[in-house]
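Participant: Next up, protein.cif (mmCIF, C-alpha atoms).
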data_query
#
loop_
_atom_site.label_atom_id
_atom_site.label_comp_id
_atom_site.auth_asym_id
_atom_site.auth_seq_id
_atom_site.Cartn_x
_atom_site.Cartn_y
_atom_site.Cartn_z
CA MET H 19 -14.10 -12.84 9.35
CA THR H 20 -13.86 -16.52 10.15
CA PHE H 21 -12.74 -18.11 13.42
CA ASP H 22 -9.38 -19.01 11.79
CA LYS H 23 -8.73 -15.36 10.97
CA TYR H 24 -9.47 -14.23 14.51
CA LEU H 25 -7.07 -16.94 15.67
CA VAL H 26 -4.31 -15.58 13.39
CA LEU H 27 -4.87 -11.99 14.60
CA SER H 28 -4.75 -13.15 18.24
CA GLY H 29 -1.59 -15.06 17.36
CA VAL H 30 0.06 -11.86 16.05
CA THR H 31 -0.94 -10.07 19.26
CA VAL H 32 0.14 -12.74 21.73
CA PHE H 33 3.40 -13.68 19.96
CA ALA H 34 4.47 -10.01 19.71
CA ALA H 35 3.68 -9.21 23.34
CA SER H 36 5.19 -12.39 24.83
CA GLY H 37 8.22 -12.33 22.51
CA ASP H 38 9.03 -8.72 23.35
CA SER H 39 8.73 -9.25 27.09
CA MET H 40 10.85 -12.44 27.07
CA LEU H 41 13.48 -10.64 25.00
CA SER H 42 13.60 -7.61 27.28
CA HIS H 43 13.73 -9.83 30.40
CA GLY H 44 16.60 -11.82 28.89
CA MET H 45 18.49 -8.70 27.79
CA GLN H 46 18.24 -7.29 31.31
CA GLU H 47 19.80 -10.51 32.63
CA THR H 48 22.70 -10.48 30.16
CA GLY H 49 23.29 -6.74 30.45
CA GLY H 50 23.81 -4.18 27.71
CA ILE H 51 25.46 -5.12 24.46
CA SER H 52 27.73 -2.78 22.55
CA PHE H 53 29.21 -2.79 19.10
CA HIS H 54 32.71 -3.00 20.59
CA HIS H 55 31.94 -6.30 22.30
CA LEU H 56 30.09 -8.32 19.69
CA THR H 57 30.88 -11.56 21.55
CA LEU H 58 28.34 -10.40 24.13
CA VAL H 59 25.68 -10.76 21.41
CA ILE H 60 26.41 -14.49 21.25
CA ALA H 61 26.22 -14.71 25.03
CA ALA H 62 22.88 -12.93 24.85
CA LEU H 63 21.55 -15.40 22.28
CA LEU H 64 22.48 -18.31 24.57
CA ASN H 65 20.33 -16.88 27.34
CA PRO H 66 17.18 -19.06 27.44
CA TRP H 67 14.84 -16.05 27.79
CA VAL H 68 16.37 -14.42 24.73
CA ALA H 69 16.23 -17.69 22.77
CA ILE H 70 12.54 -18.23 23.62
CA GLY H 71 11.89 -14.56 22.83
CA VAL H 72 13.47 -14.92 19.39
CA LEU H 73 11.37 -18.07 18.69
CA LEU H 74 8.19 -16.26 19.74
CA LEU H 75 9.08 -13.30 17.51
CA LEU H 76 9.52 -15.73 14.60
CA GLY H 77 5.99 -16.91 15.39
CA PHE H 78 4.90 -13.27 15.36
CA PHE H 79 6.46 -12.71 11.95
CA ALA H 80 4.81 -15.81 10.46
CA THR H 81 1.32 -14.95 11.76
CA TYR H 82 1.81 -11.29 10.73
CA MET H 83 2.58 -12.42 7.16
CA ILE H 84 -0.47 -14.71 7.13
CA ALA H 85 -2.69 -11.84 8.31
CA LEU H 86 -1.27 -9.48 5.66
CA SER H 87 -2.09 -12.08 2.99
CA TRP H 88 -5.83 -11.49 3.47
CA ALA H 89 -6.14 -8.13 5.23
CA ASP H 90 -5.06 -4.52 4.67
CA LEU H 91 -1.99 -3.16 6.46
CA THR H 92 -4.18 -0.40 7.94
CA TYR H 93 -6.45 -3.15 9.33
CA VAL H 94 -3.80 -5.51 10.72
CA MET H 95 -1.71 -2.81 12.46
CA PRO H 96 -4.45 -1.40 14.74
CA ALA H 97 -6.24 -4.75 15.14
CA THR H 98 -3.12 -6.35 16.62
CA SER H 99 -2.15 -3.45 18.89
CA MET H 100 -4.04 -5.06 21.80
CA GLY H 101 -0.62 -6.53 22.65
CA TYR H 102 0.34 -3.21 24.28
CA VAL H 103 -2.79 -3.44 26.42
CA LEU H 104 -1.98 -7.06 27.25
CA LEU H 105 1.52 -6.08 28.44
CA ALA H 106 0.13 -3.32 30.67
CA LEU H 107 -2.45 -5.69 32.15
CA ILE H 108 0.26 -8.31 32.83
CA ALA H 109 2.37 -5.59 34.50
CA ARG H 110 -0.58 -4.61 36.71
CA PHE H 111 -2.17 -7.92 37.65
CA ILE H 112 0.66 -10.48 37.47
CA LEU H 113 3.77 -8.42 38.21
CA HIS H 114 1.78 -6.10 40.51
CA GLU H 115 3.45 -2.99 39.10
CA HIS H 116 1.88 0.42 39.47
CA VAL H 117 -0.01 1.52 36.33
CA SER H 118 -0.48 5.30 36.25
CA ALA H 119 -3.68 7.10 35.23
CA LEU H 120 -2.04 8.21 31.97
CA ARG H 121 -1.29 4.59 31.12
CA TRP H 122 -4.90 3.59 31.81
CA LEU H 123 -5.92 6.38 29.43
CA GLY H 124 -3.49 4.95 26.86
CA ILE H 125 -5.05 1.49 27.31
CA ALA H 126 -8.52 2.99 26.80
CA LEU H 127 -7.44 4.82 23.62
CA ILE H 128 -5.85 1.69 22.10
CA THR H 129 -8.88 -0.44 22.95
CA GLY H 130 -11.11 2.21 21.35
CA GLY H 131 -8.91 2.27 18.23
CA VAL H 132 -9.05 -1.52 17.92
CA GLY H 133 -12.83 -1.42 18.26
CA PHE H 134 -13.05 1.23 15.52
CA VAL H 135 -11.04 -0.70 12.94
CA ALA H 136 -12.54 -4.11 13.82
CA GLY H 137 -16.02 -2.82 12.93
CA GLY H 138 -14.97 -2.16 9.32
CA PRO H 139 -13.98 -4.39 6.41
CA GLU H 140 -10.60 -6.16 6.57
CA LEU H 141 -9.74 -5.77 2.88
CA THR H 142 -10.46 -2.67 0.77
CA THR H 143 -8.09 -3.13 -2.17
CA ASN H 144 -9.43 -4.66 -5.35
CA ARG H 145 -8.68 -8.35 -4.89
CA ALA H 146 -9.70 -9.28 -8.44
CA ALA H 147 -7.29 -6.75 -9.96
CA SER H 148 -4.41 -7.92 -7.80
CA THR H 149 -4.88 -11.61 -8.54
CA LYS H 150 -5.35 -11.08 -12.28
CA ARG H 151 -1.60 -10.61 -12.69
CA ASP H 152 -0.89 -13.95 -11.09
CA GLN H 153 -0.92 -17.18 -12.97
CA PRO H 154 -3.70 -19.60 -12.14
CA LEU H 155 -2.69 -21.95 -9.36
CA PHE H 156 -4.08 -25.04 -11.01
CA ALA H 157 -4.36 -26.37 -14.53
CA PRO H 158 -7.98 -26.76 -15.76
CA ASP H 159 -8.06 -30.53 -15.17
CA GLN H 160 -6.79 -30.06 -11.61
CA GLN H 161 -9.45 -27.42 -11.04
CA GLU H 162 -12.04 -29.95 -12.18
CA ALA H 163 -10.71 -32.48 -9.65
CA LEU H 164 -10.66 -29.84 -6.93
CA ARG H 165 -14.26 -28.94 -7.54
CA ALA H 166 -15.18 -32.61 -7.24
CA VAL H 167 -13.28 -32.92 -3.96
CA GLU H 168 -14.88 -29.76 -2.60
CA GLY H 169 -18.28 -31.07 -3.66
CA THR H 170 -17.87 -34.27 -1.66
CA ARG H 171 -16.55 -32.32 1.30
CA ARG H 172 -19.61 -30.11 1.27
CA ARG H 173 -21.91 -33.11 1.15
CA SER H 174 -20.26 -34.85 4.09
CA MET X 8 23.53 16.68 20.19
CA ARG X 9 22.40 13.49 21.82
CA THR X 10 18.76 14.52 21.36
CA LEU X 11 19.42 15.11 17.67
CA TYR X 12 20.98 11.64 17.35
CA THR X 13 18.08 10.05 19.20
CA TRP X 14 15.45 11.70 16.98
CA GLY X 15 17.54 10.86 13.91
CA ALA X 16 17.46 7.21 14.99
CA ILE X 17 13.68 7.41 15.64
CA LEU X 18 13.17 8.85 12.14
CA ALA X 19 15.32 6.06 10.66
CA ILE X 20 13.34 3.38 12.56
CA VAL X 21 9.99 4.82 11.39
CA LEU X 22 11.14 5.16 7.78
CA ALA X 23 12.58 1.63 7.64
CA SER X 24 9.53 0.11 9.39
CA VAL X 25 7.07 1.84 7.06
CA VAL X 26 9.02 0.83 3.93
CA GLY X 27 9.29 -2.72 5.30
CA ASP X 28 5.58 -3.00 6.13
CA ILE X 29 4.53 -1.63 2.72
CA PHE X 30 6.74 -4.11 0.84
CA LEU X 31 5.74 -7.05 3.07
CA SER X 32 2.06 -6.21 2.70
CA ARG X 33 2.37 -5.95 -1.08
CA ALA X 34 4.31 -9.23 -1.20
CA MET X 35 1.66 -11.10 0.80
CA LYS X 36 -1.15 -9.73 -1.38
CA GLU X 37 0.75 -11.11 -4.39
CA VAL X 38 1.22 -14.49 -2.71
CA GLY X 39 -2.51 -14.62 -1.92
CA ASP X 40 -4.56 -15.87 1.02
CA VAL X 41 -2.05 -18.09 2.82
CA GLY X 42 -4.73 -20.04 4.71
CA GLU X 43 -6.51 -20.98 1.49
CA LEU X 44 -3.29 -21.81 -0.41
CA TRP X 45 -2.04 -23.89 2.52
CA LYS X 46 -5.20 -26.02 2.39
CA ARG X 47 -5.01 -26.46 -1.37
CA ARG X 48 -1.30 -26.85 -2.02
CA GLY X 49 0.35 -27.62 1.34
CA LEU X 50 2.75 -25.54 3.40
CA ILE X 51 6.03 -25.87 1.49
CA PRO X 52 4.91 -24.34 -1.84
CA VAL X 53 3.38 -21.39 0.05
CA VAL X 54 6.61 -20.79 1.99
CA ARG X 55 8.61 -21.12 -1.23
CA SER X 56 6.49 -18.62 -3.15
CA THR X 57 6.68 -16.19 -0.20
CA LEU X 58 10.46 -16.44 0.16
CA GLY X 59 10.89 -16.16 -3.61
CA ASN X 60 8.88 -12.94 -3.83
CA PRO X 61 11.24 -9.95 -4.42
CA ASN X 62 8.94 -7.57 -2.52
CA PHE X 63 9.12 -9.93 0.47
CA LEU X 64 12.93 -9.84 0.42
CA PHE X 65 12.98 -6.01 0.18
CA GLY X 66 10.50 -5.86 3.04
CA LEU X 67 12.59 -8.23 5.12
CA ILE X 68 15.77 -6.16 4.54
CA ALA X 69 13.95 -2.93 5.47
CA THR X 70 12.51 -4.55 8.61
CA ALA X 71 15.99 -5.75 9.59
CA MET X 72 17.29 -2.20 9.08
CA ALA X 73 14.51 -0.93 11.34
CA PHE X 74 15.61 -3.46 13.98
CA PHE X 75 19.25 -2.33 13.85
CA SER X 76 18.25 1.36 13.89
CA MET X 77 16.27 0.50 17.02
CA LEU X 78 19.43 -0.96 18.61
CA PHE X 79 21.34 2.24 17.79
CA GLY X 80 18.47 4.42 18.97
CA LEU X 81 18.28 2.55 22.28
CA SER X 82 22.01 3.04 22.86
CA TRP X 83 21.65 6.83 22.38
CA GLY X 84 18.27 7.54 23.90
CA ASP X 85 15.96 6.40 26.65
CA VAL X 86 13.92 3.26 25.93
CA SER X 87 10.81 5.03 27.26
CA LEU X 88 11.16 7.66 24.52
CA VAL X 89 12.55 5.70 21.55
CA ALA X 90 10.25 2.64 21.59
CA PRO X 91 6.87 4.39 21.95
CA ALA X 92 7.81 7.36 19.72
CA ALA X 93 8.90 5.00 16.94
CA ALA X 94 5.85 2.70 17.33
CA SER X 95 3.46 5.62 17.49
CA LEU X 96 4.84 7.41 14.42
CA THR X 97 4.98 4.11 12.50
CA PHE X 98 1.19 3.75 12.92
CA ILE X 99 0.62 7.18 11.34
CA GLY X 100 3.31 6.66 8.66
CA ASN X 101 1.82 3.30 7.69
CA ALA X 102 -1.67 4.76 7.31
CA VAL X 103 -0.38 7.48 4.96
CA ALA X 104 1.89 5.12 3.00
CA ALA X 105 -0.77 2.38 2.71
CA LYS X 106 -3.17 4.92 1.22
CA ILE X 107 -0.61 6.18 -1.31
CA PHE X 108 1.34 3.04 -2.22
CA LEU X 109 -1.05 0.16 -1.52
CA ARG X 110 -4.20 2.10 -2.50
CA GLU X 111 -5.97 0.96 0.64
CA LYS X 112 -9.16 2.86 1.32
CA VAL X 113 -8.15 4.58 4.52
CA ASP X 114 -11.56 5.97 5.48
CA ARG X 115 -12.42 8.05 8.52
CA ARG X 116 -12.88 4.90 10.61
CA ARG X 117 -9.30 3.80 9.93
CA TRP X 118 -7.78 7.26 10.44
CA ILE X 119 -9.49 7.44 13.81
CA ALA X 120 -8.31 3.92 14.70
CA ALA X 121 -4.69 4.64 13.68
CA SER X 122 -4.67 7.98 15.57
CA LEU X 123 -6.25 6.52 18.72
CA VAL X 124 -3.76 3.64 18.78
CA ALA X 125 -0.82 5.99 18.07
CA ALA X 126 -1.89 8.30 20.91
CA GLY X 127 -2.50 5.32 23.22
CA VAL X 128 0.93 3.81 22.52
CA ALA X 129 2.57 7.19 23.22
CA LEU X 130 0.66 7.47 26.52
CA LEU X 131 1.59 3.94 27.65
CA ALA X 132 5.20 5.11 27.94
CA GLY X 133 4.25 7.88 30.39
#
Can you give me the file's structure in the form of structure tokens?

Facilitator:
Amino acid sequence: MTFDKYLVLSGVTVFAASGDSMLSHGMQETGGISFHHLTLVIAALLNPWVAIGVLLLLGFFATYMIALSWADLTYVMPATSMGYVLLALIARFILHEHVSALRWLGIALITGGVGFVAGGPELTTNRAASTKRDQPLFAPDQQEALRAVEGTRRRS
Amino acid sequence: MRTLYTWGAILAIVLASVVGDIFLSRAMKEVGDVGELWKRRGLIPVVRSTLGNPNFLFGLIATAMAFFSMLFGLSWGDVSLVAPAAASLTFIGNAVAAKIFLREKVDRRRWIAASLVAAGVALLAG
């Protein structure tokens, strides 16, 4: 795991947690929506909290896709579940809400689960077999040029 | 009757989320390491090959269906039941489906991780 990959996984976590909380805050301000009053959906989207929440969730989706491009689903899912812990900690220390003993136990279990999966490999499927189907990204002469570029980069 | 509707919605959310995640994961494995491709080819070709991947589109549709099932579920049941129950069961469902359909090696370490997180998410609602 490189620093970039940790950054992407933290991105998934933070975008999901912040997006969800902005969205729920905004929806509480606009009130419930129903399928009989679809115009209320538009009103909800114009609420700044909801709009920011939607943008953050787009960020979540993008980072989630990037993570899935180099890691197993069964790795990404638990590894990014620290967002639940983050939300509970925000509730306790910033919003000063009461966090019950059961919730603390939940936080401990999730943290333990994340630790378990993070200690293992991120990809277990046969990468070679899955890329064999795909066409090569570069023509041979481009590959030659790439190697040259990478060579100079390594030297610098 | 309301309970039945609520659990029906939870089941629909879990099913749609799992199908969505499996298709999205398969799509991204086909696209390849986005970070590497981005460096070599630039952002636009990577986005184009992702959006043009049929598995990605299926995954996106299933994920959208999960989102709308969630809206229905929340209008029938309590948020403190629907959201954690759906999230928790999706963790378990994904582990099973990833083993069968994506051939991921879900070893004991990953089963324990998925179960701990699923239990933890369920407890956070309490």

Participant: Spell out the residues picked by the PyMOL selection byres ((chain X and resi 56-63) around 7) here, as a short mmCIF file (atom, residue, chain, number, x, y, z; two decimals) with C-alpha atoms, keeping the file's coordinate frame.

Facilitator:
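Saved as part-v4.cif:
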data_model
loop_
_atom_site.label_atom_id
_atom_site.label_comp_id
_atom_site.auth_asym_id
_atom_site.auth_seq_id
_atom_site.Cartn_x
_atom_site.Cartn_y
_atom_site.Cartn_z
CA PHE X 30 6.74 -4.11 0.84
CA LEU X 31 5.74 -7.05 3.07
CA ARG X 33 2.37 -5.95 -1.08
CA ALA X 34 4.31 -9.23 -1.20
CA VAL X 38 1.22 -14.49 -2.71
CA PRO X 52 4.91 -24.34 -1.84
CA VAL X 53 3.38 -21.39 0.05
CA VAL X 54 6.61 -20.79 1.99
CA ARG X 55 8.61 -21.12 -1.23
CA LEU X 64 12.93 -9.84 0.42
CA PHE X 65 12.98 -6.01 0.18
CA GLY X 66 10.50 -5.86 3.04
CA LEU X 67 12.59 -8.23 5.12
#

Participant: Apply the PyMOL selection byres ((chain X) within 8 of (chain H)) to the file shown and report the selected residues as a ChimeraX atom specification.

Facilitator: /X:28-29,31-32,35-42,98,101-102,105,109-113,116-117,119-133

Participant: Would you mind exporting C-alpha atoms of the selected residues as an mmCIF file, in the frame of the given file?

Facilitator:
data_model
loop_
_atom_site.group_PDB
_atom_site.id
_atom_site.type_symbol
_atom_site.label_atom_id
_atom_site.label_comp_id
_atom_site.auth_asym_id
_atom_site.auth_seq_id
_atom_site.Cartn_x
_atom_site.Cartn_y
_atom_site.Cartn_z
ATOM 1 C CA ASP X 28 5.580 -3.000 6.130
ATOM 2 C CA ILE X 29 4.530 -1.630 2.720
ATOM 3 C CA LEU X 31 5.740 -7.050 3.070
ATOM 4 C CA SER X 32 2.060 -6.210 2.700
ATOM 5 C CA MET X 35 1.660 -11.100 0.800
ATOM 6 C CA LYS X 36 -1.150 -9.730 -1.380
ATOM 7 C CA GLU X 37 0.750 -11.110 -4.390
ATOM 8 C CA VAL X 38 1.220 -14.490 -2.710
ATOM 9 C CA GLY X 39 -2.510 -14.620 -1.920
ATOM 10 C CA ASP X 40 -4.560 -15.870 1.020
ATOM 11 C CA VAL X 41 -2.050 -18.090 2.820
ATOM 12 C CA GLY X 42 -4.730 -20.040 4.710
ATOM 13 C CA PHE X 98 1.190 3.750 12.920
ATOM 14 C CA ASN X 101 1.820 3.300 7.690
ATOM 15 C CA ALA X 102 -1.670 4.760 7.310
ATOM 16 C CA ALA X 105 -0.770 2.380 2.710
ATOM 17 C CA LEU X 109 -1.050 0.160 -1.520
ATOM 18 C CA ARG X 110 -4.200 2.100 -2.500
ATOM 19 C CA GLU X 111 -5.970 0.960 0.640
ATOM 20 C CA LYS X 112 -9.160 2.860 1.320
ATOM 21 C CA VAL X 113 -8.150 4.580 4.520
ATOM 22 C CA ARG X 116 -12.880 4.900 10.610
ATOM 23 C CA ARG X 117 -9.300 3.800 9.930
ATOM 24 C CA ILE X 119 -9.490 7.440 13.810
ATOM 25 C CA ALA X 120 -8.310 3.920 14.700
ATOM 26 C CA ALA X 121 -4.690 4.640 13.680
ATOM 27 C CA SER X 122 -4.670 7.980 15.570
ATOM 28 C CA LEU X 123 -6.250 6.520 18.720
ATOM 29 C CA VAL X 124 -3.760 3.640 18.780
ATOM 30 C CA ALA X 125 -0.820 5.990 18.070
ATOM 31 C CA ALA X 126 -1.890 8.300 20.910
ATOM 32 C CA GLY X 127 -2.500 5.320 23.220
ATOM 33 C CA VAL X 128 0.930 3.810 22.520
ATOM 34 C CA ALA X 129 2.570 7.190 23.220
ATOM 35 C CA LEU X 130 0.660 7.470 26.520
ATOM 36 C CA LEU X 131 1.590 3.940 27.650
ATOM 37 C CA ALA X 132 5.200 5.110 27.940
ATOM 38 C CA GLY X 133 4.250 7.880 30.390
#

Participant: Here is a test: counting only C-alpha atoms, which residue of H:Thr57, H:Ser42, H:Ser36, H:Thr48 is nearest to H:Phe78?

Facilitator: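 Looking at the shortest contact to H:Phe78, the residue is H:Ser36.
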
Participant: Counting all atoms listed in the file, which of X:Phe74, X:Gly80, X:Val26, X:Trp45 gets nearest to X:Thr10?

Facilitator: X:Gly80

Participant: If you measure from atom CA of X:Leu11 to atom CA of X:Ser76, what distance in Å do you get, rounded to one decimal?

Facilitator: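 Those two atoms sit 14.3 Å apart.
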
Participant: Work out how far apart atom CA of X:Leu96 and atom CA of X:Val21 are and give it in Å to one decimal.

Facilitator: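 Spanning atom CA of X:Leu96 to atom CA of X:Val21 is a straight-line distance of 6.5 Å.
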
Participant: Mind giving me the straight-line distance from atom CA of H:Ala61 to atom CA of H:Gly101 in Å, one decimal?

Facilitator: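 So the answer is 28.2 Å.
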
Participant: With distances taken over only C-alpha atoms, which residue among H:Ser28, H:Thr81, H:Ser39, H:Gln46 lies nearest H:Ala62?

Facilitator: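 Answer, going by the shortest atom-to-atom distance: H:Gln46.
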
Participant: Please identify all polymer residues lying at most 10 Å from the point (13.5, 1.6, 7.2) (file coordinates), using all atoms listed in the file, and present the result as a list in words.

Facilitator: Leu18, Ala19, Ile20, Val21, Leu22, Ala23, Ser24, Val25, Val26, Gly27, Asp28, Gly66, Ile68, Ala69, Thr70, Ala71, Met72, Ala73, Phe74, Phe75 and Ser76 of chain X

Participant: N, CA and C atoms are needed for stretch 96-129 of chain X; please write them out as a compact mmCIF listing (two decimals), keeping the file's coordinate frame.

Facilitator:
# COMPACT_ATOMS: atom_id res chain seq x y z
N LEU X 96 4.71 6.77 15.73
CA LEU X 96 4.84 7.41 14.42
C LEU X 96 4.72 6.41 13.28
N THR X 97 5.11 5.13 13.54
CA THR X 97 4.98 4.11 12.50
C THR X 97 3.50 3.87 12.16
N PHE X 98 2.62 3.93 13.18
CA PHE X 98 1.19 3.75 12.92
C PHE X 98 0.68 4.81 11.94
N ILE X 99 1.07 6.08 12.20
CA ILE X 99 0.62 7.18 11.34
C ILE X 99 1.26 7.06 9.95
N GLY X 100 2.59 6.80 9.94
CA GLY X 100 3.31 6.66 8.66
C GLY X 100 2.74 5.56 7.81
N ASN X 101 2.39 4.43 8.44
CA ASN X 101 1.82 3.30 7.69
C ASN X 101 0.47 3.64 7.09
N ALA X 102 -0.34 4.40 7.83
CA ALA X 102 -1.67 4.76 7.31
C ALA X 102 -1.52 5.62 6.06
N VAL X 103 -0.60 6.61 6.12
CA VAL X 103 -0.38 7.48 4.96
C VAL X 103 0.18 6.68 3.79
N ALA X 104 1.21 5.87 4.07
CA ALA X 104 1.89 5.12 3.00
C ALA X 104 0.97 4.06 2.40
N ALA X 105 0.13 3.41 3.23
CA ALA X 105 -0.77 2.38 2.71
C ALA X 105 -1.79 3.00 1.77
N LYS X 106 -2.20 4.22 2.08
CA LYS X 106 -3.17 4.92 1.22
C LYS X 106 -2.52 5.25 -0.13
N ILE X 107 -1.28 5.74 -0.08
CA ILE X 107 -0.61 6.18 -1.31
C ILE X 107 -0.11 4.99 -2.13
N PHE X 108 0.63 4.08 -1.47
CA PHE X 108 1.34 3.04 -2.22
C PHE X 108 0.55 1.75 -2.37
N LEU X 109 -0.29 1.41 -1.41
CA LEU X 109 -1.05 0.16 -1.52
C LEU X 109 -2.49 0.41 -1.98
N ARG X 110 -2.84 1.70 -2.10
CA ARG X 110 -4.20 2.10 -2.50
C ARG X 110 -5.27 1.50 -1.60
N GLU X 111 -4.94 1.40 -0.30
CA GLU X 111 -5.97 0.96 0.64
C GLU X 111 -6.92 2.12 0.88
N LYS X 112 -8.18 1.79 1.07
CA LYS X 112 -9.16 2.86 1.32
C LYS X 112 -9.14 3.20 2.81
N VAL X 113 -8.27 4.18 3.12
CA VAL X 113 -8.15 4.58 4.52
C VAL X 113 -9.26 5.59 4.80
N ASP X 114 -10.40 5.10 5.22
CA ASP X 114 -11.56 5.97 5.48
C ASP X 114 -11.45 6.57 6.87
N ARG X 115 -12.49 7.33 7.25
CA ARG X 115 -12.42 8.05 8.52
C ARG X 115 -12.26 7.07 9.68
N ARG X 116 -12.96 5.93 9.57
CA ARG X 116 -12.88 4.90 10.61
C ARG X 116 -11.43 4.47 10.86
N ARG X 117 -10.69 4.26 9.77
CA ARG X 117 -9.30 3.80 9.93
C ARG X 117 -8.36 4.90 10.39
N TRP X 118 -8.60 6.14 9.94
CA TRP X 118 -7.78 7.26 10.44
C TRP X 118 -7.96 7.38 11.95
N ILE X 119 -9.22 7.32 12.38
CA ILE X 119 -9.49 7.44 13.81
C ILE X 119 -8.81 6.30 14.56
N ALA X 120 -8.93 5.08 14.04
CA ALA X 120 -8.31 3.92 14.70
C ALA X 120 -6.80 4.10 14.80
N ALA X 121 -6.16 4.49 13.68
CA ALA X 121 -4.69 4.64 13.68
C ALA X 121 -4.28 5.75 14.66
N SER X 122 -5.03 6.87 14.68
CA SER X 122 -4.67 7.98 15.57
C SER X 122 -4.87 7.61 17.03
N LEU X 123 -6.00 6.93 17.33
CA LEU X 123 -6.25 6.52 18.72
C LEU X 123 -5.15 5.59 19.21
N VAL X 124 -4.79 4.60 18.37
CA VAL X 124 -3.76 3.64 18.78
C VAL X 124 -2.42 4.35 18.93
N ALA X 125 -2.09 5.25 17.99
CA ALA X 125 -0.82 5.99 18.07
C ALA X 125 -0.76 6.81 19.36
N ALA X 126 -1.86 7.50 19.69
CA ALA X 126 -1.89 8.30 20.91
C ALA X 126 -1.79 7.39 22.13
N GLY X 127 -2.51 6.27 22.10
CA GLY X 127 -2.50 5.32 23.22
C GLY X 127 -1.12 4.75 23.47
N VAL X 128 -0.42 4.37 22.39
CA VAL X 128 0.93 3.81 22.52
C VAL X 128 1.87 4.85 23.12
N ALA X 129 1.73 6.12 22.67
CA ALA X 129 2.57 7.19 23.22
C ALA X 129 2.30 7.37 24.72
